[in-house]
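target.txt, holding compact mmCIF, C-alpha atoms:
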```txt
# COMPACT_ATOMS: atom_id res chain seq x y z
CA MET A 1 64.80 46.19 5.32
CA PHE A 2 63.15 43.70 7.66
CA GLY A 3 64.20 45.35 10.90
CA SER A 4 60.85 45.71 12.61
CA THR A 5 59.97 43.98 15.86
CA ALA A 6 56.97 42.46 14.14
CA ARG A 7 59.25 40.94 11.54
CA SER A 8 61.40 39.21 14.17
CA ARG A 9 58.28 37.65 15.66
CA ARG A 10 57.18 36.46 12.24
CA LEU A 11 60.50 34.75 11.64
CA THR A 12 59.65 32.28 14.37
CA LEU A 13 56.54 31.31 12.42
CA ALA A 14 58.19 30.66 9.07
CA LEU A 15 58.52 26.87 9.33
CA ALA A 16 55.10 26.35 10.88
CA GLY A 17 53.51 28.74 8.39
CA ALA A 18 55.10 27.04 5.40
CA THR A 19 53.93 23.64 6.63
CA ALA A 20 50.40 24.91 7.18
CA LEU A 21 50.32 26.46 3.74
CA ALA A 22 51.54 23.29 2.10
CA LEU A 23 48.70 21.39 3.77
CA GLY A 24 46.17 24.10 2.83
CA ALA A 25 45.28 24.54 6.50
CA THR A 26 42.55 26.94 7.46
CA ALA A 27 43.73 27.54 11.02
CA CYS A 28 46.92 27.48 13.03
CA GLY A 29 47.92 27.69 16.67
CA GLY A 30 50.46 29.86 18.43
CA THR A 31 50.71 33.62 18.54
CA THR A 32 51.77 36.26 16.08
CA LYS A 33 52.23 39.99 16.26
CA ASP A 34 49.05 41.91 16.98
CA ASP A 35 47.17 38.83 18.14
CA ALA A 36 44.62 41.15 19.70
CA SER A 37 43.63 42.44 16.27
CA LYS A 38 44.31 39.52 13.96
CA ASP A 39 43.79 36.30 15.89
CA SER A 40 40.68 35.48 13.87
CA GLY A 41 42.60 35.64 10.62
CA SER A 42 40.08 38.10 9.24
CA ALA A 43 39.29 41.79 9.32
CA ALA A 44 40.94 43.57 12.23
CA VAL A 45 39.08 43.93 15.48
CA GLY A 46 41.73 45.63 17.63
CA LYS A 47 42.04 49.31 18.51
CA ALA A 48 43.76 51.76 16.20
CA ASP A 49 46.22 54.39 17.38
CA PRO A 50 45.91 57.31 14.94
CA ASP A 51 48.96 58.91 16.54
CA ALA A 52 51.20 55.86 16.09
CA GLU A 53 54.45 56.49 14.25
CA THR A 54 54.35 55.54 10.58
CA LYS A 55 56.69 52.61 10.14
CA LYS A 56 59.46 52.74 7.57
CA GLY A 57 61.46 49.97 5.99
CA LEU A 58 58.40 47.83 5.32
CA THR A 59 58.01 45.56 2.32
CA VAL A 60 54.60 45.82 0.66
CA ALA A 61 53.81 43.36 -2.13
CA PHE A 62 51.30 44.18 -4.86
CA LEU A 63 49.47 41.25 -6.44
CA PRO A 64 47.38 42.67 -9.31
CA LYS A 65 44.65 40.74 -11.04
CA GLN A 66 46.95 40.52 -14.07
CA VAL A 67 50.53 41.67 -14.58
CA ASN A 68 51.49 43.49 -17.80
CA ASN A 69 47.94 44.86 -18.02
CA PRO A 70 48.33 48.63 -18.68
CA TYR A 71 45.69 49.50 -16.10
CA PHE A 72 47.39 47.54 -13.32
CA THR A 73 50.84 48.67 -14.43
CA THR A 74 49.72 52.27 -13.89
CA ALA A 75 48.00 51.47 -10.61
CA ASP A 76 50.99 49.61 -9.22
CA LYS A 77 53.40 52.36 -10.25
CA GLY A 78 51.24 54.68 -8.17
CA GLY A 79 51.71 52.29 -5.26
CA GLU A 80 55.44 52.10 -5.85
CA LYS A 81 55.79 55.89 -5.83
CA ALA A 82 53.78 56.20 -2.62
CA LEU A 83 55.85 53.54 -0.87
CA GLU A 84 59.06 55.25 -1.92
CA GLU A 85 57.77 58.47 -0.36
CA LEU A 86 56.83 56.55 2.79
CA GLY A 87 60.30 55.05 3.11
CA SER A 88 59.20 51.49 2.37
CA THR A 89 59.83 48.96 -0.39
CA PHE A 90 57.52 47.91 -3.23
CA LYS A 91 57.44 44.57 -4.98
CA GLU A 92 55.03 43.24 -7.59
CA VAL A 93 54.18 39.64 -8.39
CA GLY A 94 51.30 38.06 -10.28
CA THR A 95 49.94 35.95 -13.09
CA SER A 96 49.82 36.89 -16.77
CA SER A 97 46.25 35.57 -16.98
CA GLY A 98 43.31 37.41 -15.49
CA THR A 99 41.58 34.13 -14.60
CA ASP A 100 44.39 32.14 -12.96
CA THR A 101 42.97 31.99 -9.44
CA ALA A 102 45.19 29.05 -8.49
CA GLY A 103 48.18 31.14 -9.52
CA GLN A 104 47.03 34.01 -7.31
CA VAL A 105 46.65 31.64 -4.35
CA SER A 106 50.18 30.37 -4.94
CA TYR A 107 51.56 33.91 -4.93
CA VAL A 108 49.79 34.76 -1.68
CA ASN A 109 51.22 31.63 -0.07
CA THR A 110 54.72 32.46 -1.31
CA LEU A 111 54.50 36.03 -0.04
CA THR A 112 53.39 34.71 3.34
CA GLN A 113 56.38 32.37 3.45
CA GLN A 114 58.63 35.28 2.48
CA GLN A 115 57.08 37.24 5.37
CA VAL A 116 56.39 40.50 3.61
CA ASP A 117 54.90 43.12 5.91
CA ALA A 118 51.76 43.77 3.89
CA MET A 119 49.97 42.75 0.68
CA ALA A 120 47.80 44.71 -1.71
CA VAL A 121 45.77 42.21 -3.74
CA SER A 122 43.35 42.62 -6.65
CA ALA A 123 41.31 39.42 -6.44
CA GLN A 124 40.26 37.42 -9.47
CA ASP A 125 37.66 35.63 -7.37
CA PRO A 126 35.98 36.77 -4.12
CA GLY A 127 36.43 33.48 -2.26
CA ALA A 128 39.33 31.62 -3.84
CA LEU A 129 42.02 33.58 -2.00
CA CYS A 130 40.36 33.60 1.40
CA THR A 131 42.11 30.66 3.05
CA ALA A 132 45.51 31.94 1.93
CA LEU A 133 44.81 35.54 2.90
CA LYS A 134 43.49 34.56 6.33
CA GLN A 135 46.67 32.56 6.84
CA ALA A 136 48.69 35.64 5.90
CA MET A 137 46.80 37.76 8.45
CA ARG A 138 47.30 35.12 11.14
CA ASN A 139 51.01 35.43 10.41
CA GLY A 140 50.78 39.16 11.11
CA ILE A 141 50.70 40.37 7.50
CA SER A 142 48.40 43.30 6.78
CA VAL A 143 46.07 42.66 3.84
CA VAL A 144 44.53 45.30 1.58
CA THR A 145 42.50 44.55 -1.52
CA TYR A 146 42.26 47.07 -4.34
CA ASP A 147 40.20 47.36 -7.51
CA SER A 148 38.58 43.93 -7.02
CA ASP A 149 37.64 42.73 -3.55
CA THR A 150 37.55 39.42 -1.72
CA ASN A 151 34.89 38.46 0.77
CA LYS A 152 35.10 41.18 3.40
CA ASP A 153 36.39 38.88 6.17
CA CYS A 154 39.42 37.94 4.08
CA ARG A 155 41.11 41.36 4.23
CA GLN A 156 41.22 44.43 6.43
CA VAL A 157 40.66 47.26 3.94
CA PHE A 158 39.29 47.35 0.41
CA VAL A 159 40.39 50.27 -1.76
CA SER A 160 37.44 50.65 -4.11
CA PRO A 161 37.91 52.50 -7.41
CA ALA A 162 34.67 54.40 -6.89
CA SER A 163 31.20 53.82 -5.57
CA ALA A 164 29.65 50.78 -7.23
CA GLU A 165 26.34 52.62 -7.33
CA ASP A 166 27.88 55.62 -9.07
CA LEU A 167 29.67 53.48 -11.64
CA GLY A 168 26.71 51.28 -12.50
CA ARG A 169 24.35 54.23 -12.73
CA THR A 170 26.59 56.52 -14.78
CA LEU A 171 27.50 53.82 -17.31
CA VAL A 172 23.82 53.04 -17.94
CA GLU A 173 22.99 56.74 -18.16
CA SER A 174 25.82 57.33 -20.62
CA LEU A 175 24.75 54.56 -22.98
CA SER A 176 21.09 55.51 -22.64
CA ARG A 177 21.85 59.06 -23.80
CA GLN A 178 23.79 57.77 -26.76
CA ILE A 179 21.09 55.36 -27.99
CA GLY A 180 18.17 57.68 -27.37
CA GLY A 181 16.86 55.74 -24.41
CA LYS A 182 15.71 52.65 -26.30
CA GLY A 183 16.99 49.48 -27.92
CA GLU A 184 18.88 46.29 -27.17
CA ILE A 185 22.15 46.49 -25.27
CA ALA A 186 24.76 44.02 -24.02
CA ILE A 187 27.46 44.00 -21.37
CA LEU A 188 30.97 42.75 -22.11
CA SER A 189 32.55 41.85 -18.77
CA ALA A 190 35.84 40.28 -17.67
CA ALA A 191 35.67 36.94 -15.82
CA GLN A 192 32.40 35.55 -14.48
CA THR A 193 33.94 35.48 -10.98
CA ALA A 194 35.33 39.04 -10.96
CA THR A 195 33.96 40.67 -7.81
CA ASN A 196 34.00 44.25 -9.00
CA GLN A 197 32.53 43.44 -12.41
CA ASN A 198 29.65 41.48 -10.90
CA THR A 199 28.91 44.23 -8.38
CA TRP A 200 28.77 46.85 -11.12
CA ILE A 201 26.64 44.63 -13.35
CA ASP A 202 24.15 44.07 -10.52
CA VAL A 203 23.86 47.83 -10.12
CA MET A 204 23.40 48.26 -13.89
CA LYS A 205 20.58 45.72 -13.90
CA GLU A 206 18.82 47.55 -11.08
CA GLU A 207 19.32 50.88 -12.87
CA LEU A 208 17.78 49.44 -16.05
CA LYS A 209 14.61 48.61 -14.08
CA LYS A 210 13.91 52.31 -13.55
CA PRO A 211 11.11 53.91 -15.61
CA ALA A 212 13.61 56.15 -17.41
CA HIS A 213 15.15 53.07 -19.02
CA LYS A 214 12.00 51.03 -19.64
CA ASP A 215 12.64 50.90 -23.39
CA ILE A 216 16.16 49.48 -23.03
CA GLU A 217 16.57 45.70 -23.03
CA LEU A 218 19.70 43.99 -21.71
CA VAL A 219 19.93 40.97 -24.00
CA LYS A 220 23.18 39.39 -22.82
CA VAL A 221 26.15 39.58 -20.49
CA ALA A 222 29.23 38.21 -22.27
CA TYR A 223 32.59 37.41 -20.71
CA GLY A 224 35.95 38.10 -22.31
CA ASP A 225 38.06 37.04 -19.29
CA ASP A 226 40.18 40.20 -19.61
CA ASP A 227 41.78 38.59 -22.66
CA ALA A 228 42.03 40.87 -25.69
CA GLN A 229 41.43 38.21 -28.33
CA LYS A 230 38.52 36.60 -26.49
CA SER A 231 36.94 40.01 -25.82
CA PHE A 232 37.29 40.89 -29.52
CA GLN A 233 35.62 37.61 -30.46
CA GLN A 234 32.86 38.09 -27.89
CA THR A 235 32.08 41.50 -29.38
CA GLN A 236 31.91 40.00 -32.83
CA GLY A 237 29.64 37.26 -31.51
CA LEU A 238 27.29 39.72 -29.86
CA LEU A 239 26.75 41.57 -33.13
CA GLN A 240 26.14 38.33 -35.01
CA GLU A 241 23.69 37.05 -32.40
CA TYR A 242 21.90 40.37 -31.95
CA PRO A 243 21.93 42.26 -35.28
CA ASN A 244 19.71 45.00 -33.80
CA LEU A 245 22.07 45.68 -30.91
CA LYS A 246 22.29 49.41 -30.18
CA GLY A 247 25.03 49.55 -27.60
CA VAL A 248 27.59 47.78 -25.41
CA ILE A 249 28.84 48.56 -21.90
CA SER A 250 32.25 47.09 -21.11
CA PRO A 251 33.31 47.80 -17.51
CA THR A 252 36.82 46.44 -18.08
CA THR A 253 39.78 48.20 -19.69
CA VAL A 254 40.77 45.14 -21.72
CA GLY A 255 37.20 44.55 -22.88
CA ILE A 256 36.37 48.09 -23.96
CA LYS A 257 39.59 48.40 -25.97
CA ALA A 258 38.98 45.08 -27.73
CA ALA A 259 35.35 45.99 -28.43
CA ALA A 260 36.43 49.36 -29.83
CA GLN A 261 38.99 47.66 -32.02
CA TYR A 262 36.34 45.38 -33.50
CA LEU A 263 33.75 48.12 -33.98
CA SER A 264 36.21 50.55 -35.56
CA GLY A 265 36.94 48.12 -38.38
CA SER A 266 33.36 47.02 -38.95
CA LYS A 267 30.15 48.31 -40.49
CA TYR A 268 28.91 48.99 -36.96
CA LYS A 269 31.35 51.85 -36.34
CA GLY A 270 29.41 54.87 -35.07
CA LYS A 271 26.14 52.91 -35.20
CA VAL A 272 26.60 50.59 -32.24
CA LYS A 273 27.51 52.74 -29.24
CA LEU A 274 30.21 51.67 -26.81
CA THR A 275 31.00 52.91 -23.34
CA GLY A 276 32.58 51.49 -20.20
CA LEU A 277 35.80 51.74 -18.23
CA GLY A 278 39.00 52.39 -20.16
CA THR A 279 42.28 54.26 -20.02
CA PRO A 280 42.78 57.41 -22.10
CA ASN A 281 45.89 56.03 -23.77
CA ASP A 282 44.06 52.85 -24.85
CA MET A 283 40.96 54.67 -26.04
CA ARG A 284 42.29 57.92 -27.53
CA ALA A 285 42.35 56.72 -31.13
CA TYR A 286 38.83 55.30 -30.91
CA VAL A 287 37.43 58.52 -29.44
CA LYS A 288 39.09 60.59 -32.15
CA ASN A 289 37.91 58.36 -35.02
CA GLY A 290 34.30 58.37 -33.83
CA THR A 291 34.04 54.77 -32.62
CA VAL A 292 33.50 55.85 -28.99
CA GLU A 293 31.80 59.04 -27.81
CA GLU A 294 32.66 58.78 -24.12
CA PHE A 295 33.86 56.39 -21.43
CA GLU A 296 34.98 56.74 -17.85
CA LEU A 297 37.59 55.70 -15.33
CA TRP A 298 39.15 56.82 -12.09
CA GLU A 299 42.90 57.51 -12.09
CA PRO A 300 44.50 54.10 -11.48
CA ALA A 301 47.71 55.62 -10.07
CA LYS A 302 45.64 57.15 -7.25
CA LEU A 303 44.08 53.77 -6.59
CA GLY A 304 47.50 52.14 -6.22
CA ALA A 305 48.80 54.99 -4.08
CA LEU A 306 45.83 54.73 -1.73
CA ALA A 307 46.35 50.96 -1.44
CA ALA A 308 49.98 51.60 -0.45
CA HIS A 309 49.04 54.23 2.15
CA ALA A 310 46.34 51.96 3.60
CA ALA A 311 48.78 49.03 3.85
CA VAL A 312 51.38 51.11 5.68
CA ALA A 313 48.74 52.64 7.96
CA LEU A 314 47.51 49.16 8.86
CA GLU A 315 50.99 47.84 9.51
CA SER A 316 51.79 50.90 11.61
CA GLY A 317 48.69 50.39 13.75
CA ARG A 318 47.19 53.74 12.76
CA ILE A 319 44.06 51.97 11.44
CA THR A 320 42.53 48.51 11.74
CA GLY A 321 39.94 48.75 8.99
CA LYS A 322 36.99 49.83 11.13
CA GLU A 323 34.39 52.24 9.80
CA GLY A 324 35.12 55.84 10.72
CA GLU A 325 38.90 55.49 11.10
CA THR A 326 40.96 58.08 9.25
CA PHE A 327 44.49 58.12 7.92
CA ALA A 328 46.74 60.42 5.93
CA ALA A 329 47.28 59.39 2.32
CA GLY A 330 49.84 61.88 1.01
CA ALA A 331 48.59 64.03 -1.85
CA LEU A 332 45.20 62.31 -1.66
CA GLY A 333 44.60 63.95 1.70
CA THR A 334 42.95 62.43 4.75
CA MET A 335 40.87 59.35 3.95
CA THR A 336 37.99 57.96 5.99
CA ILE A 337 37.19 54.25 6.05
CA GLY A 338 33.56 53.47 5.31
CA ALA A 339 31.33 50.49 6.01
CA ASP A 340 32.91 47.04 5.62
CA GLY A 341 36.40 48.53 5.57
CA VAL A 342 35.94 50.24 2.20
CA VAL A 343 37.77 53.42 1.19
CA SER A 344 37.81 55.15 -2.20
CA PRO A 345 40.01 57.83 -3.83
CA GLY A 346 37.01 59.58 -5.40
CA GLU A 347 34.59 59.67 -8.31
CA PRO A 348 35.55 58.60 -11.84
CA THR A 349 36.31 60.97 -14.71
CA VAL A 350 34.31 60.97 -17.96
CA PHE A 351 36.58 61.13 -21.02
CA ASP A 352 35.57 62.40 -24.47
CA LYS A 353 37.10 64.47 -27.29
CA SER A 354 37.10 67.58 -25.15
CA ASN A 355 39.47 66.31 -22.44
CA ILE A 356 41.12 63.07 -23.47
CA ASP A 357 44.37 64.71 -24.60
CA ALA A 358 44.81 66.22 -21.15
CA HIS A 359 45.34 62.77 -19.61
CA ASP A 360 48.27 60.41 -20.06
CA PHE A 361 47.78 57.00 -18.48
```
Before we go any further, please render this structure as structure tokens.
Amino acid sequence: MFGSTARSRRLTLALAGATALALGATACGGTTKDDASKDSGSAAVGKADPDAETKKGLTVAFLPKQVNNPYFTTADKGGEKALEELGSTFKEVGTSSGTDTAGQVSYVNTLTQQQVDAMAVSAQDPGALCTALKQAMRNGISVVTYDSDTNKDCRQVFVSPASAEDLGRTLVESLSRQIGGKGEIAILSAAQTATNQNTWIDVMKEELKKPAHKDIELVKVAYGDDDAQKSFQQTQGLLQEYPNLKGVISPTTVGIKAAAQYLSGSKYKGKVKLTGLGTPNDMRAYVKNGTVEEFELWEPAKLGALAAHAAVALESGRITGKEGETFAAGALGTMTIGADGVVSPGEPTVFDKSNIDAHDF
């Protein structure tokens, strides 16, 4: 399983790495594999060899934002399937809370001590994991983020669900159509520190400044911390605080399901519009009973699969994370890395009564 030359080099670093991690060090001496590309402990700066042999027998660890979350379960299963096809091993670790940043740091440190070959991490906070992830890269571990990014110098590749601009724009356009282009709206997000959520919300705010949306007022951004009960309560609170609210955008699968659950059992069903990012299996009942007209999401299994392919391509030396590099990603085809090491599996799908039964995830 751990038969690579890189692994044998990493074994010599285990004691020093564990000591550095225990002290919370931000730098370490000595050499690791691929020092030419990883000696800064940040995004790769070496040269890729697109013709390099794809390594097998690697161990790639997935650290989702939250385990036992249906969205991440589906995404990580996509990663597991891809790794099986690539001849490598999948493992998943993580916290049960979507806001346990200290827990995520601990898992990164443990994976570094265990000397996995690569990590795919969905970050709860853009900066909290940076010291630990940079330490992992200094120890020769390839680091991919997926779904929710870190600061760009704390990983090599970010697998983005879709363009932030596309998501922010289409969610605003969807709700605007449903409320007739005017009225008060709110956003129900996950955690205040969630990188992807904040990026999408920034885009939504810019979109709302356009003349086409001049009669729409964003009255509040609420945070449910990707906790079902808290998101349910936040939805209830929004309607109590803003009785004239016309619609809610929830760009989080936990949040939109909880909001739909509240609305479906209240006097606001069908009157207060709800859209956002959800899974078909979570939202099917609410679409069919008229609580939700439409929502959107990319296919999470493709996201996980692309993260797995990127991790193996990095560890094989086929890419470093530089803009313009390409790599094969199985059924997803050939992927091209964009600016800041970002790659995406494609645009999201809009789900409504006409197509929701055709999807099972």
Wanna dump the region 250-360 of chain A-region 202-209 of chain A contacts at 12 Å for me, each residue with its shortest atom pair and the distance in Å to one decimal, counting only C-alpha atoms, ordered by chain and number, as JSON lines?
```
{"residue": "A:Ser250", "atom": "CA", "partner": "A:Met204", "partner_atom": "CA", "distance": 11.5}
{"residue": "A:Pro251", "atom": "CA", "partner": "A:Met204", "partner_atom": "CA", "distance": 10.6}
{"residue": "A:Gly276", "atom": "CA", "partner": "A:Met204", "partner_atom": "CA", "distance": 11.6}
```
Can you tell me which residues surround Lys353 (chain A) at a distance of at most 8 Å, considering all atoms listed in the file, apart from same-chain residues fewer than 4 positions away, and format the answer as an mmCIF file with C-alpha atoms, in the coordinates of the input?
```
data_model
loop_
_atom_site.group_PDB
_atom_site.id
_atom_site.type_symbol
_atom_site.label_atom_id
_atom_site.label_comp_id
_atom_site.auth_asym_id
_atom_site.auth_seq_id
_atom_site.Cartn_x
_atom_site.Cartn_y
_atom_site.Cartn_z
ATOM 1 C CA VAL A 287 37.430 58.520 -29.440
ATOM 2 C CA LYS A 288 39.090 60.590 -32.150
ATOM 3 C CA GLU A 293 31.800 59.040 -27.810
ATOM 4 C CA GLU A 294 32.660 58.780 -24.120
ATOM 5 C CA ASP A 357 44.370 64.710 -24.600
#
```
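Taking only C-alpha atoms, the non-local environment of region 326-334 of chain A within 7 Å (same-chain residues fewer than 5 positions away omitted) comprises Leu306, His309 and Ala313 of chain A.
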Could you work out an axis-aligned box for region 269-275 of chain A, taking every atom the file lists and adding 5 Å on each side, and report centre and edge lengths in Å to one decimal, as JSON?
```
{"center_x": 28.7, "center_y": 52.7, "center_z": -29.8, "size_x": 15.2, "size_y": 14.3, "size_z": 23.0}
```
Nearby residues, (32.5, 65.7, -13.8) file frame, 12 Å, only C-alpha atoms, as an MDAnalysis selection string: chainID A and resid 170 296:298 346:352 355
Just C-alpha atoms for this one: save the residues we selected as a compact mmCIF listing (two decimals), in the frame of the given file.
```
# COMPACT_ATOMS: atom_id res chain seq x y z
CA THR A 170 26.59 56.52 -14.78
CA GLU A 296 34.98 56.74 -17.85
CA LEU A 297 37.59 55.70 -15.33
CA TRP A 298 39.15 56.82 -12.09
CA GLY A 346 37.01 59.58 -5.40
CA GLU A 347 34.59 59.67 -8.31
CA PRO A 348 35.55 58.60 -11.84
CA THR A 349 36.31 60.97 -14.71
CA VAL A 350 34.31 60.97 -17.96
CA PHE A 351 36.58 61.13 -21.02
CA ASP A 352 35.57 62.40 -24.47
CA ASN A 355 39.47 66.31 -22.44
```
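Residue nearest Asp117 (chain A) within the list A:Ala222, A:Ile201, A:Ala162, A:Ala136: A:Ala136 [criterion: smallest interatomic distance, only C-alpha atoms].
Remark: for Thr95 (chain A), the closest of the candidate residues A:Ile216, A:Ala190, A:Ala52, A:Ala123 is A:Ala123 (distances computed over all atoms listed in the file).
Nearest residue to Ser189 (chain A), choosing from A:Thr131, A:Thr252, A:Thr150, A:Ser142 and counting all atoms listed in the file: A:Thr252.
CA of Ala48 (chain A) lies 15.9 Å from CA of Asp340 (chain A).
Between Phe72 (chain A) and the residues A:Met335, A:Ile141, A:Ala310, A:Val254, the shortest atom-to-atom distance, using all atoms listed in the file, involves A:Val254.
Taking CA of Arg138 (chain A) and CA of Ala308 (chain A) as endpoints, the distance between them is 20.3 Å.
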Starting from the incomplete input, reconstruct N, CA, C and O atoms of region 206-223 of chain A and report them as a PDB file, in the coordinates of the input.
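Contents of the output file part-v4.pdb:
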```
ATOM      1  N   GLU A 206      19.796  46.839 -11.892  1.00  0.00           N
ATOM      2  CA  GLU A 206      18.820  47.550 -11.080  1.00  0.00           C
ATOM      3  C   GLU A 206      18.492  48.908 -11.703  1.00  0.00           C
ATOM      4  O   GLU A 206      17.336  49.346 -11.708  1.00  0.00           O
ATOM      5  N   GLU A 207      19.522  49.578 -12.224  1.00  0.00           N
ATOM      6  CA  GLU A 207      19.320  50.880 -12.870  1.00  0.00           C
ATOM      7  C   GLU A 207      18.405  50.742 -14.085  1.00  0.00           C
ATOM      8  O   GLU A 207      17.545  51.603 -14.335  1.00  0.00           O
ATOM      9  N   LEU A 208      18.576  49.656 -14.836  1.00  0.00           N
ATOM     10  CA  LEU A 208      17.780  49.440 -16.050  1.00  0.00           C
ATOM     11  C   LEU A 208      16.304  49.175 -15.734  1.00  0.00           C
ATOM     12  O   LEU A 208      15.459  49.270 -16.621  1.00  0.00           O
ATOM     13  N   LYS A 209      15.996  48.844 -14.480  1.00  0.00           N
ATOM     14  CA  LYS A 209      14.610  48.610 -14.080  1.00  0.00           C
ATOM     15  C   LYS A 209      13.839  49.914 -13.865  1.00  0.00           C
ATOM     16  O   LYS A 209      12.609  49.909 -13.763  1.00  0.00           O
ATOM     17  N   LYS A 210      14.567  51.027 -13.809  1.00  0.00           N
ATOM     18  CA  LYS A 210      13.910  52.310 -13.550  1.00  0.00           C
ATOM     19  C   LYS A 210      13.077  52.742 -14.755  1.00  0.00           C
ATOM     20  O   LYS A 210      13.417  52.426 -15.901  1.00  0.00           O
ATOM     21  N   PRO A 211      11.993  53.475 -14.512  1.00  0.00           N
ATOM     22  CA  PRO A 211      11.110  53.910 -15.610  1.00  0.00           C
ATOM     23  C   PRO A 211      11.837  54.643 -16.733  1.00  0.00           C
ATOM     24  O   PRO A 211      11.453  54.522 -17.900  1.00  0.00           O
ATOM     25  N   ALA A 212      12.887  55.379 -16.386  1.00  0.00           N
ATOM     26  CA  ALA A 212      13.610  56.150 -17.410  1.00  0.00           C
ATOM     27  C   ALA A 212      14.249  55.255 -18.458  1.00  0.00           C
ATOM     28  O   ALA A 212      14.544  55.701 -19.570  1.00  0.00           O
ATOM     29  N   HIS A 213      14.466  53.981 -18.098  1.00  0.00           N
ATOM     30  CA  HIS A 213      15.150  53.070 -19.020  1.00  0.00           C
ATOM     31  C   HIS A 213      14.241  51.912 -19.455  1.00  0.00           C
ATOM     32  O   HIS A 213      14.729  50.857 -19.861  1.00  0.00           O
ATOM     33  N   LYS A 214      12.932  52.120 -19.374  1.00  0.00           N
ATOM     34  CA  LYS A 214      12.000  51.030 -19.640  1.00  0.00           C
ATOM     35  C   LYS A 214      12.062  50.512 -21.078  1.00  0.00           C
ATOM     36  O   LYS A 214      11.664  49.374 -21.355  1.00  0.00           O
ATOM     37  N   ASP A 215      12.585  51.313 -21.987  1.00  0.00           N
ATOM     38  CA  ASP A 215      12.640  50.900 -23.390  1.00  0.00           C
ATOM     39  C   ASP A 215      14.003  50.311 -23.778  1.00  0.00           C
ATOM     40  O   ASP A 215      14.282  50.079 -24.958  1.00  0.00           O
ATOM     41  N   ILE A 216      14.852  50.097 -22.784  1.00  0.00           N
ATOM     42  CA  ILE A 216      16.160  49.480 -23.030  1.00  0.00           C
ATOM     43  C   ILE A 216      16.106  48.032 -22.552  1.00  0.00           C
ATOM     44  O   ILE A 216      15.665  47.762 -21.430  1.00  0.00           O
ATOM     45  N   GLU A 217      16.568  47.126 -23.376  1.00  0.00           N
ATOM     46  CA  GLU A 217      16.570  45.700 -23.030  1.00  0.00           C
ATOM     47  C   GLU A 217      18.007  45.170 -22.987  1.00  0.00           C
ATOM     48  O   GLU A 217      18.728  45.247 -23.975  1.00  0.00           O
ATOM     49  N   LEU A 218      18.395  44.654 -21.841  1.00  0.00           N
ATOM     50  CA  LEU A 218      19.700  43.990 -21.710  1.00  0.00           C
ATOM     51  C   LEU A 218      19.541  42.569 -22.227  1.00  0.00           C
ATOM     52  O   LEU A 218      18.881  41.742 -21.599  1.00  0.00           O
ATOM     53  N   VAL A 219      20.140  42.281 -23.373  1.00  0.00           N
ATOM     54  CA  VAL A 219      19.930  40.970 -24.000  1.00  0.00           C
ATOM     55  C   VAL A 219      20.967  39.929 -23.586  1.00  0.00           C
ATOM     56  O   VAL A 219      20.698  38.728 -23.629  1.00  0.00           O
ATOM     57  N   LYS A 220      22.161  40.382 -23.171  1.00  0.00           N
ATOM     58  CA  LYS A 220      23.180  39.390 -22.820  1.00  0.00           C
ATOM     59  C   LYS A 220      24.327  40.025 -22.044  1.00  0.00           C
ATOM     60  O   LYS A 220      24.675  41.184 -22.277  1.00  0.00           O
ATOM     61  N   VAL A 221      24.888  39.241 -21.121  1.00  0.00           N
ATOM     62  CA  VAL A 221      26.150  39.580 -20.490  1.00  0.00           C
ATOM     63  C   VAL A 221      27.181  38.577 -21.005  1.00  0.00           C
ATOM     64  O   VAL A 221      27.051  37.374 -20.794  1.00  0.00           O
ATOM     65  N   ALA A 222      28.179  39.070 -21.719  1.00  0.00           N
ATOM     66  CA  ALA A 222      29.230  38.210 -22.270  1.00  0.00           C
ATOM     67  C   ALA A 222      30.502  38.394 -21.463  1.00  0.00           C
ATOM     68  O   ALA A 222      30.702  39.415 -20.805  1.00  0.00           O
ATOM     69  N   TYR A 223      31.375  37.396 -21.518  1.00  0.00           N
ATOM     70  CA  TYR A 223      32.590  37.410 -20.710  1.00  0.00           C
ATOM     71  C   TYR A 223      33.823  37.200 -21.580  1.00  0.00           C
ATOM     72  O   TYR A 223      33.940  36.198 -22.277  1.00  0.00           O
TER      73      TYR A 223
END
```
